[in-house]
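Novice: Supplied structure: upload29.txt, compact mmCIF, C-alpha atoms.
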```
# COMPACT_ATOMS: atom_id res chain seq x y z
CA MET A 247 63.48 -36.21 17.39
CA GLY A 248 64.84 -37.67 14.18
CA VAL A 249 63.04 -38.07 10.88
CA VAL A 250 59.29 -37.47 11.05
CA PRO A 251 57.54 -40.42 9.37
CA LYS A 252 55.04 -39.69 6.60
CA PHE A 253 51.48 -40.92 6.78
CA SER A 254 48.83 -40.79 4.12
CA GLU A 255 45.46 -39.21 4.91
CA SER A 256 43.80 -42.62 4.72
CA GLN A 257 46.27 -44.10 7.21
CA VAL A 258 45.70 -41.30 9.73
CA ALA A 259 41.96 -41.36 9.25
CA SER A 260 42.02 -45.11 9.84
CA GLN A 261 43.82 -44.60 13.15
CA ILE A 262 41.41 -41.90 14.31
CA GLN A 263 38.20 -43.54 13.14
CA GLY A 264 39.00 -47.18 13.76
CA GLY A 265 37.35 -49.59 16.16
CA GLU A 266 33.67 -50.04 16.91
CA THR A 267 32.68 -46.39 17.32
CA GLY A 268 31.33 -46.11 13.79
CA GLY A 269 33.26 -42.90 13.19
CA GLY A 270 34.07 -43.66 9.58
CA ASP A 271 30.45 -44.27 8.59
CA GLY A 272 29.21 -41.27 10.58
CA GLU A 273 31.76 -38.99 9.02
CA ALA A 274 31.01 -40.18 5.50
CA GLU A 275 27.33 -39.36 5.96
CA LEU A 276 27.93 -35.89 7.44
CA ASP A 277 27.26 -33.31 4.74
CA LEU A 278 28.94 -29.92 4.89
CA GLU A 279 25.76 -28.01 5.73
CA THR A 280 25.02 -30.23 8.72
CA GLN A 281 28.63 -30.07 9.85
CA ASN A 282 28.53 -26.28 9.65
CA GLN A 283 25.35 -26.20 11.73
CA ILE A 284 26.87 -28.53 14.32
CA ARG A 285 29.95 -26.31 14.64
CA ARG A 286 27.82 -23.17 14.93
CA LEU A 287 25.68 -24.79 17.60
CA ALA A 288 28.77 -25.87 19.54
CA GLN A 289 30.28 -22.39 19.42
CA ALA A 290 27.12 -20.56 20.47
CA ALA A 291 26.26 -23.04 23.23
CA GLU A 292 29.82 -22.81 24.58
CA VAL A 293 29.55 -19.03 24.94
CA VAL A 294 26.22 -19.16 26.77
CA HIS A 295 27.39 -22.02 28.97
CA SER A 296 30.55 -20.03 29.80
CA LEU A 297 28.55 -17.72 32.05
CA THR A 298 29.14 -20.65 34.42
CA TYR A 299 32.79 -19.70 34.73
CA TYR A 300 33.13 -16.01 33.97
CA SER A 301 30.07 -14.09 35.11
CA ALA A 302 30.55 -11.51 37.84
CA GLU A 303 28.04 -13.36 39.99
CA ILE A 304 29.80 -16.74 39.88
CA SER A 305 33.06 -15.04 40.83
CA THR A 306 31.61 -14.46 44.32
CA MET A 307 31.20 -18.18 45.01
CA PRO A 308 34.80 -18.84 46.11
CA SER A 309 34.21 -16.57 49.12
CA GLU A 310 31.65 -19.06 50.44
CA GLY A 311 34.29 -21.34 51.95
CA PHE A 312 36.31 -22.44 48.92
CA ARG A 313 40.03 -21.99 48.34
CA GLY A 314 39.81 -19.90 45.21
CA TRP A 315 38.45 -20.20 41.68
CA TRP A 316 39.61 -23.75 40.85
CA HIS A 317 38.50 -25.20 44.17
CA THR A 318 35.04 -23.80 43.45
CA TYR A 319 35.07 -25.06 39.84
CA PHE A 320 35.72 -28.62 40.98
CA ALA A 321 32.70 -28.35 43.27
CA TYR A 322 30.03 -27.05 40.95
CA ARG A 323 30.93 -28.60 37.60
CA PRO A 324 30.92 -32.28 38.66
CA ALA A 325 28.17 -31.68 41.26
CA PRO A 326 25.37 -33.35 39.25
CA MET A 327 27.37 -36.61 39.38
CA GLY A 328 27.16 -36.66 43.18
CA PRO A 329 30.01 -36.84 45.74
CA VAL A 330 32.44 -38.49 43.32
CA GLY A 331 36.14 -38.92 43.93
CA PRO A 332 39.11 -37.51 42.00
CA GLY A 333 39.35 -40.49 39.67
CA VAL A 334 35.84 -40.02 38.33
CA VAL A 335 36.33 -36.28 37.85
CA THR A 336 39.71 -36.79 36.14
CA ALA A 337 38.20 -39.37 33.80
CA SER A 338 35.11 -37.30 33.01
CA PHE A 339 36.91 -33.99 32.51
CA TYR A 340 39.70 -35.80 30.60
CA ASN A 341 42.26 -33.00 30.19
CA PHE A 342 43.28 -32.12 33.76
CA ALA A 343 46.33 -33.56 35.50
CA PRO A 344 45.13 -36.03 38.15
CA ARG A 345 47.03 -34.27 40.96
CA PHE A 346 45.37 -30.98 40.01
CA VAL A 347 41.93 -32.54 40.46
CA ALA A 348 42.95 -34.24 43.71
CA ARG A 349 43.79 -30.89 45.29
CA ALA A 350 40.07 -30.12 45.25
CA VAL A 351 38.21 -33.43 45.15
CA PRO A 352 36.90 -34.77 47.48
CA SER A 353 37.66 -31.90 49.91
CA VAL A 354 35.10 -29.65 48.22
CA TRP A 355 32.26 -31.88 49.47
CA SER A 356 33.09 -30.91 53.05
CA ILE A 357 32.28 -27.30 52.14
CA MET A 358 29.12 -27.89 50.11
CA THR A 359 27.32 -31.06 49.19
CA PRO A 360 26.98 -31.64 45.45
CA GLU A 361 23.31 -30.66 45.70
CA GLN A 362 24.21 -27.40 47.45
CA ALA A 363 27.02 -26.61 44.99
CA HIS A 364 24.79 -27.10 41.97
CA SER A 365 21.91 -25.19 43.52
CA ARG A 366 24.16 -22.26 44.42
CA ARG A 367 25.72 -22.15 40.96
CA GLN A 368 22.30 -22.18 39.31
CA GLU A 369 21.14 -19.42 41.64
CA LEU A 370 24.12 -17.24 40.73
CA ILE A 371 23.76 -17.90 37.01
CA GLY A 372 20.09 -16.97 37.29
CA GLN A 373 21.11 -13.67 38.87
CA ALA A 374 23.64 -13.08 36.09
CA ILE A 375 21.11 -13.71 33.34
CA GLU A 376 18.55 -11.49 35.05
CA ARG A 377 21.08 -8.67 35.26
CA ILE A 378 22.34 -9.08 31.70
CA SER A 379 18.86 -9.27 30.16
CA ALA A 380 17.29 -6.51 32.28
CA ASP A 381 17.06 -4.07 29.35
CA GLY A 382 14.87 -6.49 27.39
CA SER A 383 17.18 -6.77 24.39
CA LEU A 384 17.55 -10.54 24.83
CA GLU A 385 13.90 -11.31 25.52
CA GLU A 386 13.03 -12.55 22.04
CA PRO A 387 16.13 -14.70 21.34
CA LEU A 388 16.02 -16.20 24.84
CA HIS A 389 12.35 -17.11 24.48
CA THR A 390 12.92 -18.66 21.05
CA ALA A 391 15.98 -20.58 22.19
CA SER A 392 14.30 -21.85 25.37
CA GLU A 393 11.67 -23.68 23.33
CA LEU A 394 13.91 -25.11 20.63
CA VAL A 395 16.87 -26.16 22.77
CA LYS A 396 14.61 -28.62 24.60
CA ILE A 397 13.79 -30.28 21.29
CA SER A 398 17.46 -30.31 20.31
CA VAL A 399 18.51 -32.31 23.39
CA ALA A 400 15.37 -34.43 23.82
CA GLU A 401 16.73 -37.48 22.01
CA LEU A 402 20.40 -37.27 22.96
CA ALA A 403 21.32 -40.65 24.41
CA PRO A 404 23.44 -40.81 27.58
CA GLU A 405 25.49 -43.89 26.69
CA GLY A 406 29.21 -43.21 27.06
CA ARG A 407 28.58 -39.63 28.18
CA PRO A 408 28.76 -39.53 31.99
CA LEU A 409 28.85 -35.78 32.50
CA TYR A 410 26.05 -35.13 30.04
CA ALA A 411 24.00 -37.92 31.60
CA ALA A 412 24.34 -36.39 35.06
CA TYR A 413 23.11 -33.01 33.82
CA ALA A 414 20.33 -34.61 31.78
CA ASP A 415 18.95 -36.13 35.00
CA LEU A 416 18.38 -32.66 36.44
CA PRO A 417 14.99 -30.95 36.12
CA TRP A 418 14.66 -28.12 33.64
CA PRO A 419 14.78 -24.70 35.32
CA ASP A 420 11.51 -22.76 35.43
CA THR A 421 12.76 -19.44 34.03
CA VAL A 422 13.42 -18.81 30.35
CA GLY A 423 17.00 -17.59 30.79
CA LEU A 424 18.05 -20.49 33.00
CA ALA A 425 16.37 -22.95 30.62
CA VAL A 426 18.54 -21.64 27.80
CA TRP A 427 21.67 -21.85 29.96
CA HIS A 428 20.77 -25.40 31.06
CA GLY A 429 20.09 -26.46 27.46
CA CYS A 430 23.41 -25.00 26.33
CA THR A 431 25.14 -26.81 29.18
CA LEU A 432 23.58 -30.09 28.04
CA LEU A 433 24.72 -29.46 24.47
CA ARG A 434 28.18 -28.52 25.63
CA GLU A 435 28.70 -31.53 27.88
CA TYR A 436 27.18 -33.92 25.30
CA ARG A 437 29.63 -32.75 22.68
CA GLY A 438 32.46 -32.66 25.21
CA ASP A 439 31.86 -36.24 26.28
CA GLY A 440 31.76 -37.26 22.62
CA HIS A 441 35.01 -35.43 21.96
CA ASN A 442 36.62 -37.28 24.85
CA LEU A 443 35.47 -40.57 23.34
CA VAL A 444 37.13 -39.67 20.05
CA LEU A 445 40.35 -38.56 21.73
CA ALA A 446 40.54 -41.74 23.77
CA ALA A 447 39.79 -43.94 20.75
CA SER A 448 42.54 -42.17 18.79
CA GLY A 449 45.10 -42.61 21.58
CA ILE A 450 45.42 -38.90 22.38
CA ASP A 451 45.66 -38.48 26.15
CA GLY A 452 44.72 -35.63 28.45
CA CYS A 453 48.00 -33.77 28.09
CA GLU A 454 48.56 -34.55 24.40
CA CYS A 455 45.22 -33.02 23.46
CA HIS A 456 46.49 -29.68 24.78
CA VAL A 457 49.65 -29.93 22.72
CA PHE A 458 47.33 -30.39 19.74
CA MET A 459 45.40 -27.26 20.76
CA ALA A 460 48.55 -25.19 21.14
CA ALA A 461 49.70 -26.31 17.68
CA ASN A 462 46.38 -24.95 16.42
CA GLY A 463 47.02 -21.55 17.99
CA HIS A 464 44.98 -21.99 21.18
CA GLY A 465 47.28 -21.16 24.09
CA ASN A 466 50.82 -22.26 24.77
CA GLN A 467 52.71 -24.46 27.21
CA PRO A 468 53.06 -21.98 30.12
CA THR A 469 49.40 -20.97 29.90
CA ILE A 470 47.90 -24.42 29.55
CA THR A 471 50.06 -26.18 32.11
CA GLY A 472 49.14 -23.43 34.56
CA ILE A 473 45.39 -23.92 34.17
CA ARG A 474 45.34 -27.69 33.69
CA GLY A 475 47.95 -28.75 36.23
CA TRP A 476 50.46 -30.52 34.00
CA THR A 477 54.18 -30.02 34.61
CA ALA A 478 56.58 -28.75 31.95
CA GLU A 479 58.15 -32.21 31.92
CA GLU A 480 54.79 -33.85 31.27
CA TRP A 481 54.08 -31.37 28.49
CA HIS A 482 57.40 -32.09 26.80
CA GLY A 483 56.76 -35.80 27.18
CA ALA A 484 53.43 -35.37 25.40
CA VAL A 485 55.17 -33.41 22.63
CA GLY A 486 57.67 -36.23 22.24
CA ARG A 487 54.96 -38.88 21.97
CA LEU A 488 53.12 -36.89 19.30
CA GLN A 489 56.36 -36.30 17.43
CA ALA A 490 57.01 -40.03 17.48
CA ARG A 491 53.63 -40.52 15.81
CA GLY A 492 54.55 -37.97 13.18
CA TYR A 493 51.95 -35.40 14.26
CA ILE A 494 54.04 -32.53 15.68
CA ALA A 495 57.12 -30.90 14.17
CA ASN A 496 60.16 -29.78 16.15
CA ASP A 497 58.84 -26.18 16.29
CA GLY A 498 55.57 -27.33 17.87
CA SER A 499 53.47 -26.89 14.74
CA TYR A 500 51.48 -29.60 12.98
CA THR A 501 53.03 -31.85 10.42
CA ASP A 502 50.82 -32.69 7.46
CA ALA A 503 49.84 -35.91 9.23
CA GLY A 504 49.11 -34.02 12.43
CA LEU A 505 46.82 -31.60 10.63
CA VAL A 506 44.96 -34.50 9.06
CA ALA A 507 44.66 -36.16 12.48
CA ARG A 508 43.28 -33.00 14.10
CA LYS A 509 40.71 -32.53 11.36
CA ALA A 510 39.69 -36.17 11.64
CA VAL A 511 39.13 -35.79 15.40
CA GLU A 512 37.03 -32.69 14.81
CA ARG A 513 34.93 -34.28 12.08
CA HIS A 514 34.37 -37.39 14.14
CA THR A 515 33.33 -35.24 17.11
CA ASP A 516 30.90 -33.42 14.84
CA ALA A 517 29.47 -36.72 13.60
CA LEU A 518 28.82 -37.89 17.16
CA ALA A 519 26.92 -34.65 17.88
CA THR A 520 24.70 -34.77 14.80
CA LYS A 521 21.46 -35.62 16.61
CA ALA A 522 21.40 -32.23 18.29
CA ILE A 523 20.77 -30.74 14.83
CA THR A 524 18.79 -33.46 13.07
CA ALA A 525 16.26 -33.61 15.92
CA LEU A 526 15.19 -30.09 14.96
CA GLY A 527 15.03 -30.29 11.19
CA ALA A 528 16.63 -27.70 8.95
CA GLU A 529 14.25 -24.79 9.54
CA ARG A 530 14.07 -25.04 13.32
CA ALA A 531 17.82 -25.65 13.50
CA ASP A 532 18.45 -22.36 11.70
CA THR A 533 16.02 -20.59 14.03
CA LEU A 534 17.76 -21.96 17.13
CA LEU A 535 21.19 -21.10 15.77
CA LEU A 536 20.23 -17.51 15.03
CA ALA A 537 18.70 -17.11 18.50
CA LEU A 538 21.68 -18.58 20.35
CA GLU A 539 24.18 -16.69 18.21
CA SER A 540 22.33 -13.47 19.01
CA VAL A 541 22.63 -14.19 22.74
CA ALA A 542 26.26 -15.29 22.41
CA SER A 543 27.22 -12.18 20.44
CA TYR A 544 25.58 -9.97 23.06
CA LEU A 545 27.51 -11.68 25.87
CA ILE A 546 30.83 -11.28 24.08
CA GLU A 547 30.21 -7.69 22.98
CA HIS A 548 29.26 -6.66 26.51
CA GLY A 549 32.29 -8.34 28.06
CA GLU A 550 30.37 -10.98 30.00
CA VAL A 551 32.50 -13.79 28.53
CA ALA A 552 35.71 -13.75 26.51
CA GLY A 553 34.49 -15.85 23.61
CA THR A 554 37.96 -17.36 23.13
CA TRP A 555 40.01 -20.03 24.90
CA PRO A 556 42.21 -19.72 26.79
CA PRO A 557 40.69 -16.49 28.16
CA PRO A 558 43.03 -13.57 27.45
CA ALA A 559 43.47 -12.91 31.18
CA THR A 560 45.14 -16.31 31.61
CA LEU A 561 47.64 -16.01 28.75
CA LYS A 562 51.31 -16.14 29.66
CA PRO A 563 54.32 -15.43 27.42
CA ALA A 564 55.48 -18.49 25.51
```
In structure tokens, write the structure found in this file.

Specialist:
Amino acid sequence: MGVVPKFSESQVASQIQGGETGGGDGEAELDLETQNQIRRLAQAAEVVHSLTYYSAEISTMPSEGFRGWWHTYFAYRPAPMGPVGPGVVTASFYNFAPRFVARAVPSVWSIMTPEQAHSRRQELIGQAIERISADGSLEEPLHTASELVKISVAELAPEGRPLYAAYADLPWPDTVGLAVWHGCTLLREYRGDGHNLVLAASGIDGCECHVFMAANGHGNQPTITGIRGWTAEEWHGAVGRLQARGYIANDGSYTDAGLVARKAVERHTDALATKAITALGAERADTLLLALESVASYLIEHGEVAGTWPPPATLKPA
């Protein structure tokens, strides 16, 4: 690809944080303790939310008329947005190849309406949580988290966050376990929408963001193209574009500029998620984090979710 140009940290940060998003100011005001809490909250919420995809109960849903796991996924995850088309789902999910989405949307709505798909998913997740927590070991952390997670998300604004906004319009579930799952889903989609805003503002597209992930040790080209629908040619095109920007070396690893760019995206994403922590205050934030981390650790230790991405079962040789 020729000589990789050199960029200073300030030049890269300017590219990532530029425009009217306020990323530079937000990042400057984000102290390390708050950033650490935001990352911990994101990690714990992701694990709890992941029951959506990996619980034994949800794995039965494809048999209810869908054409496998992905066809089902593209029914229940966008369901709160209504009977949307493939363009809306592609835009909101950000990192899937458009043709991959179009294989499922809008055909899924002929099998279940969005209301039915969401209701069925919530029913199955409720069954999963009831099974997992039957021995009573999660009673205390679930109860604590169910109260505090509502405070954490109460003031999260929907602007620019379509998937989060759709979930925020839903009523809170009545049971403690489902309330925690719903709250973690809100936190997850709020941060995810914010991350998509940062990626788009930095000019990193839906395929390029996966090249960035692979450079950071999360998956590889055969694995990610298989579960996101991109072709090998599209992947290599994304690599070439990032190499032209000086972000990716010929061996697929980060250049110094690429590492700076990745860290800037992560910090900016953290800054946009700050309200989820500051709404609680330091003491209640710590209490929520400990409760959610207790639940998340239990789920991972008991094999309910993998706790890593891509899930080990999907990994293919590089």

Novice: What does the distance from CA of Thr471 (chain A) to CA of Val335 (chain A) come to in Å, to one decimal?

Specialist: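 Distance reported for this atom pair: 18.0 Å.
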
Novice: Please, what is the axis-aligned box for every listed atom of region 334-350 of chain A with 4 Å on each side, as centre and edge lengths in Å to one decimal, as AutoDock Vina command-line options?

Specialist:
```
--center_x 41.1 --center_y -35.1 --center_z 37.7 --size_x 19.9 --size_y 17.9 --size_z 23.1
```

Novice: Could you produce a table of the residues of region 376-464 of chain A lying within 6 Å of region 509-533 of chain A, with the nearest pair of atoms per residue and their separation in Å rounded to one decimal, using all atoms listed in the file, ordered by chain and increasing residue number, as a tab-separated table?

Specialist:
```
residue	atom	partner	partner_atom	distance
A:Ser398	CA	A:Ala522	CA	4.8
A:Val399	CA	A:Ala522	CA	5.9
A:Arg437	CA	A:Ala519	CA	5.8
A:His441	CA	A:Thr515	CA	5.1
```

Novice: Between CA of Ala495 (chain A) and CA of His456 (chain A), what distance in Å does the model show, to one decimal?

Specialist: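 Separation between CA of Ala495 (chain A) and CA of His456 (chain A): 15.1 Å.
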
Novice: Kindly provide the residues of region 369-449 of chain A that approach region 294-317 of chain A to within 6 Å, each paired with its closest atom pair and their distance in Å to one decimal, based on all atoms listed in the file, listed by chain and increasing number, as CSV.

Specialist:
```
residue,atom,partner,partner_atom,distance
A:Leu370,CA,A:Glu303,CA,5.6
A:Ala374,CA,A:Glu303,CA,5.9
A:Trp427,CA,A:His295,CA,5.8
A:Cys430,CA,A:His295,CA,5.6
A:Thr431,CA,A:His295,CA,5.3
```

Novice: Near Lys562 (chain A), counting all atoms listed in the file, which residues have an atom at most 10 Å away, once you skip same-chain residues fewer than 4 positions from it, shown as a list in words?

Specialist: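 Near neighbours after the sequence-gap exclusion: Gly465, Asn466, Gln467, Pro468, Thr469, Ile470, Gly472 and Pro558 of chain A.
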
Novice: Give me the residues within 9 Å of Ala425 (chain A) as a ChimeraX atom specification, counting only C-alpha atoms and dropping any in the same chain fewer than 3 places off.

Specialist: /A:388,391-393,395-396,418-422,428-430

Novice: Suppose you want the space between CA of Ala537 (chain A) and CA of Thr390 (chain A); what is it in Å?

Specialist: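 CA of Thr390 (chain A) lies 6.5 Å from CA of Ala537 (chain A).
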
Novice: Closest to Asp451 (chain A) among A:Arg377, A:Arg349, A:His389, A:Arg487, using all atoms listed in the file?

Specialist: A:Arg487

Novice: Which is closest to Val541 (chain A) among A:Ala291, A:Leu445, A:Ala412, A:Cys455, if we use all atoms listed in the file?

Specialist: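 Smallest distance to Val541 (chain A) is found for A:Ala291.
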
Novice: Take region 545-559 of chain A, bring it up to N, CA and C atoms, and give me the output as a PDB file, in the coordinates of the input.

Specialist:
```pdb
ATOM      1  N   LEU A 545      26.664 -11.396  24.705  1.00  0.00           N
ATOM      2  CA  LEU A 545      27.510 -11.680  25.870  1.00  0.00           C
ATOM      3  C   LEU A 545      28.965 -11.303  25.612  1.00  0.00           C
ATOM      4  N   ILE A 546      29.446 -11.607  24.416  1.00  0.00           N
ATOM      5  CA  ILE A 546      30.830 -11.280  24.080  1.00  0.00           C
ATOM      6  C   ILE A 546      31.011  -9.767  23.943  1.00  0.00           C
ATOM      7  N   GLU A 547      30.094  -9.128  23.214  1.00  0.00           N
ATOM      8  CA  GLU A 547      30.210  -7.690  22.980  1.00  0.00           C
ATOM      9  C   GLU A 547      30.135  -6.874  24.261  1.00  0.00           C
ATOM     10  N   HIS A 548      29.402  -7.382  25.251  1.00  0.00           N
ATOM     11  CA  HIS A 548      29.260  -6.660  26.510  1.00  0.00           C
ATOM     12  C   HIS A 548      30.249  -7.137  27.570  1.00  0.00           C
ATOM     13  N   GLY A 549      31.217  -7.952  27.163  1.00  0.00           N
ATOM     14  CA  GLY A 549      32.290  -8.340  28.060  1.00  0.00           C
ATOM     15  C   GLY A 549      31.911  -9.318  29.146  1.00  0.00           C
ATOM     16  N   GLU A 550      30.789 -10.008  28.981  1.00  0.00           N
ATOM     17  CA  GLU A 550      30.370 -10.980  30.000  1.00  0.00           C
ATOM     18  C   GLU A 550      31.211 -12.253  29.925  1.00  0.00           C
ATOM     19  N   VAL A 551      31.607 -12.645  28.735  1.00  0.00           N
ATOM     20  CA  VAL A 551      32.500 -13.790  28.530  1.00  0.00           C
ATOM     21  C   VAL A 551      33.518 -13.402  27.463  1.00  0.00           C
ATOM     22  N   ALA A 552      34.636 -14.099  27.450  1.00  0.00           N
ATOM     23  CA  ALA A 552      35.710 -13.750  26.510  1.00  0.00           C
ATOM     24  C   ALA A 552      35.396 -14.179  25.088  1.00  0.00           C
ATOM     25  N   GLY A 553      34.769 -15.340  24.941  1.00  0.00           N
ATOM     26  CA  GLY A 553      34.490 -15.850  23.610  1.00  0.00           C
ATOM     27  C   GLY A 553      35.653 -16.559  22.962  1.00  0.00           C
ATOM     28  N   THR A 554      36.794 -16.630  23.640  1.00  0.00           N
ATOM     29  CA  THR A 554      37.960 -17.360  23.130  1.00  0.00           C
ATOM     30  C   THR A 554      38.548 -18.183  24.273  1.00  0.00           C
ATOM     31  N   TRP A 555      39.315 -19.214  23.894  1.00  0.00           N
ATOM     32  CA  TRP A 555      40.010 -20.030  24.900  1.00  0.00           C
ATOM     33  C   TRP A 555      41.440 -20.244  24.455  1.00  0.00           C
ATOM     34  N   PRO A 556      42.369 -20.113  25.389  1.00  0.00           N
ATOM     35  CA  PRO A 556      42.210 -19.720  26.790  1.00  0.00           C
ATOM     36  C   PRO A 556      41.766 -18.248  26.899  1.00  0.00           C
ATOM     37  N   PRO A 557      41.067 -17.897  27.984  1.00  0.00           N
ATOM     38  CA  PRO A 557      40.690 -16.490  28.160  1.00  0.00           C
ATOM     39  C   PRO A 557      41.921 -15.606  28.151  1.00  0.00           C
ATOM     40  N   PRO A 558      41.853 -14.438  27.532  1.00  0.00           N
ATOM     41  CA  PRO A 558      43.030 -13.570  27.450  1.00  0.00           C
ATOM     42  C   PRO A 558      43.696 -13.293  28.795  1.00  0.00           C
ATOM     43  N   ALA A 559      42.898 -13.215  29.859  1.00  0.00           N
ATOM     44  CA  ALA A 559      43.470 -12.910  31.180  1.00  0.00           C
ATOM     45  C   ALA A 559      44.411 -13.984  31.681  1.00  0.00           C
TER      46      ALA A 559
END
```
